[in-house]
Amino acid sequence: MKLFQQLLVAPAALGLLAPLAANAAEVNINDVASYATPSSQVTTAQFSDVVPGDWAYTALQNLSESYGCVDNAYTQSLKSGQALTRYEAAALVNACLEGGIASADVSADAARLSNEFGTEMAILKGRVDGLEYKVKELSAGQFSSSTKMSGGAVFTTGVIDNGTVAGFDKLASEYNFTLDLNTSFNGNDSLYTQLVQGNQDQLVLDSAEDVASFSVGSLFYSFPVGDVQVSAGPLFDQDDVISATTSIYSGAFRLSAMPWGEVGTTGSGAAVSWANDSGFNASFSTITAEANAANATQGIFTSEGADIYTISLGYDTDNYGGGLIYTDDDTDTSFGGGIYFRPDGFPTISIAYDTLNDTDAVDSSNLLIGLDHPVGPGSAGVAYQSVDTIGTTTSNWEAYYNYPVNDGVSIQGGIFVEEVNAADDRTGYLVETTFSF
């Protein structure tokens, strides 16, 4: 039997037959005291403070000094001559006695203190047991401690003038909602799951998703093998693992730097990526688009299925960098690259050029020049894009400003213009609110 149990076999504390946890000394005493109901039959004297000059106060000081009690707020109060409540005194007695005092070393003061504050010690134990039970209940209903969840909701409102497609020239409101789950099993790996739903169609922005029902958008697993990161899964986006950075233009509005090199097709696939401290990086990925479509019976890596292979090479520093991306989807190929700069005191500059070799139609090219710069509390972006398909040249302009309301909410407003063969064709005015959590 522990010493603490021996001391509590006094008539004033028969209900205490198990040792109080050592961390009971750190319980919020005011909260615990509220649990002393009239049914506890606690006398008025038991609510009086233990003040300097009382025998108990002197005994507590001697006990603390003799047995090296836990150095907490209560021992500091003793050293400074401050009064203690009876519950604070009870917690201090327990902290001292649970320190491993041998039975032969117990002083008369220690035994007398345990008897004096036995009732308070019993109430403390009941409160601690209740807290431990509630913590177990809460823990049982939580995610794994190695799972991190983040998400976001996007509200988009806008109008597109002079649209030749039915449905334009009307104020529209669209949305996008995503949940991202990252789970690690050994600290170095990650299982990534994305749940998504949205109805964005004509007001298509970078955040757009057109998914009628809540569904799994991505599902893949990543783990390191030496200096190489390996990723694989049944729902894998072509642009999930591209190590090269061809542009640092935020692209948060409408235009994208590499429309064919980073096409983002989803399917079953795998990828490997590598990077070192010198700034060089490389990646390779293969995606089978039909693996999760209606014709999944065509299989993976077969002549019937459309397999997309992507290779990237890049170099990045703090102030500049660039990369090259080559993509082959068994029918068409694309090759492009880009460079970026971060000059001090000036907007960031990104220049990217992408080409498409379409065996069934005509070849195309895409040039994007984008600038980003902090303005006030937010940031502004402006970009120019020229898409050249033989016989048709489309020039796109966009400008927008993103204002962070707080850490989780931002509002973005902007305008874009699409010109086909130098003729005004379409102008859009959009406001987008993003909620991140």
# chains A, B, ... in the order shown; residues from 1 in each chain; ligands from 1
call {"tool": "residues_around", "arguments": {"residues": "Ala232 (chain A)", "least_positions_apart": "2", "cutoff": "9 Å", "atoms": "only C-alpha atoms", "output": "PyMOL selection string"}}
result
chain A and resi 219-222+230+234-236+268-272
call {"tool": "atom_distance", "arguments": {"atom1": "CA of Glu432 (chain A)", "atom2": "CA of Glu418 (chain A)"}}
result
19.4 Å
call {"tool": "atom_distance", "arguments": {"atom1": "CA of Gly378 (chain A)", "atom2": "CA of Ile160 (chain A)"}}
result
25.2 Å
call {"tool": "atom_distance", "arguments": {"atom1": "CA of Gly279 (chain A)", "atom2": "CA of Pro224 (chain A)"}}
result
18.5 Å
call {"tool": "residues_around", "arguments": {"residues": "region 255-257 of chain A", "least_positions_apart": "2", "cutoff": "10 Å", "atoms": "only C-alpha atoms", "output": "ChimeraX atom specification"}}
result
/A:204-206,246-253,259-262,336-338,350-354,366-370,382-385,396-398,416
call {"tool": "residues_around", "arguments": {"residues": "Leu78 (chain A)", "least_positions_apart": "6", "cutoff": "8 Å", "atoms": "only C-alpha atoms", "output": "PDB file with C-alpha atoms, in the first residue's frame"}}
result
ATOM      1  CA  TYR A  57       0.623  26.770   7.049  1.00  0.00           C
ATOM      2  CA  LEU A  60       2.996  22.875   4.726  1.00  0.00           C
ATOM      3  CA  GLN A  61       6.144  24.985   4.537  1.00  0.00           C
TER       4      GLN A  61
END
call {"tool": "closest_residue", "arguments": {"among": "A:Thr331, A:Thr157, A:Ser386, A:Thr193", "to": "Ala361 (chain A)", "atoms": "only C-alpha atoms"}}
result
A:Thr331
